[in-house]
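Read through the structure below, which is laid out as structure tokens, and then see the notes.
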Amino acid sequence: MASQRSDKSGLSVERTQVSDQIVLVVSGRMDAENAAQFEKECNACIAEGHTSLVADLSGLAYVSSMGLRSFLAAAKTLQGLGGSLRLCCLKGLVRQVFEITGLMQVFTVYETVESAVLEAKP
Amino acid sequence: MFSSARFLTVAAKPSSLRDVRDFVREGAIGAKLPEARMGELDLLVEELLMNVCAYAYPNDRPGDVTVSYSVPGPGELSIELADQGAEFNPLKMEQPDLTLSLEARPVGGLGIHLVKTFAKSLSYRREQGWNRLTFGFSAGS
């Protein structure tokens with residue numbers, strides 16, 4: 001079962017479940033107009049008691065500093081609750097932006113959804 | 001500042017982002033910049049526009065920003081953002097500490113670092129009440 005939110009500027013955050021682990025599939029472009037959507041979905045997961053989240057970024061083509069802000073804010077909240085935000089499948093410009101800003105070392109980053117799910121604490 | 005520049009004036013607010021991005025992309029097409037570089041150009045435009053919204057016109061103060069571009073040569077684009085808001089030089093913003101852990105990291109302050117990385121050239125001047133931020137982008141940068 002999946003819930004999907006998207007807006008006309010092209011970001012979608014789809015909630016899926018892989019082996020009891022919540023995976024947020026983030027696709028499209030994450031910019032100043034829509035970045036808060038990701039944090040909002042994370043907060044919805046937290047409200048339902050999920051504090052260990054995986055974000056699959058394989059379909060994310062663009063992220064600006066406002067998007068990075070959203071990832072950082074969500075990760076800080078989850079860490080404060082004893083949980084974590086794990087990222088996987090960063091590609092192209094998105095990977096480049098994470099590398100340039102030193103965020104590859106801040107987040108736990110995985111190459112595949114499977115490896116991120118295996119490492120995630122229930 | 002450009003003899004053959006094109007100009008677009010919009011409200012300095014995040015909802016103008018799409019119009020500004022589309023406008024600059026017209027310039028990129030004119031400069032024959034490769035499609036694969038459009039994401040980087042979009043990023044530069046977004047970060048600098050958002051800086052104007054946040055710092056030149058803080059607290060939702062209304063104001064305009066004029067974006068202009070010219071094509072100095074094939075594969076090159078020169079872009080300027082000009083506003084009449086509070087004096088603000090983004091190039092003087094403190095360099096973020098990229099080595100901090102998640103707990104210690106502020107959530108913001110990364111935009112101008114990205115701009116400095118992706119722009120081929122970058123300059124700011126305050127001129128008769130205007131902030132003028134100019135950057136260059138090229139197929140090779």
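Just remember, in the structure tokens the first chain shown is A, the second B, etc., residues are 1-based per chain, and ligands are 1-based in the order shown.
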>> With only C-alpha atoms considered, list every residue of chain A at most 12 Å from chain B, as a ChimeraX atom specification.
In response: /A:8-10,28-35,60-80,84-85,92-94,96-108
>> What parts of range 35-94 of chain A does DSSP call helix (DSSP H, G or I)? I'd like the answer as a ChimeraX atom specification.
In response: /A:36-47,65-80,92-94
> Can you tell me how far CA of Leu122 in chain B sits from CA of Gly136 in chain B, in Å to one decimal?
Replying inline: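 Going from CA of Leu122 in chain B over to CA of Gly136 in chain B covers 6.5 Å.
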> Restricting the calculation to only C-alpha atoms, which member of B:Asn51, B:Ser123, B:Leu81, B:Met38 is positioned closest to Thr66 in chain B?
Replying inline: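 Among the listed residues, B:Leu81 lies closest to Thr66 in chain B.
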>> Going by DSSP on the backbone, which residues of chain A come out as strand (DSSP E or B)? List them as a ChimeraX atom specification.
In response: /A:3-6,11-18,21-30,52-63,84-88,108-110
>> I'd like the neighbourhood of range 81-83 of chain A as a VMD selection string, where a residue qualifies if any of its atoms comes within 9 Å (using only C-alpha atoms), though same-chain residues fewer than 6 positions away should be ignored.
In response: chain A and resid 50 to 53 75 121
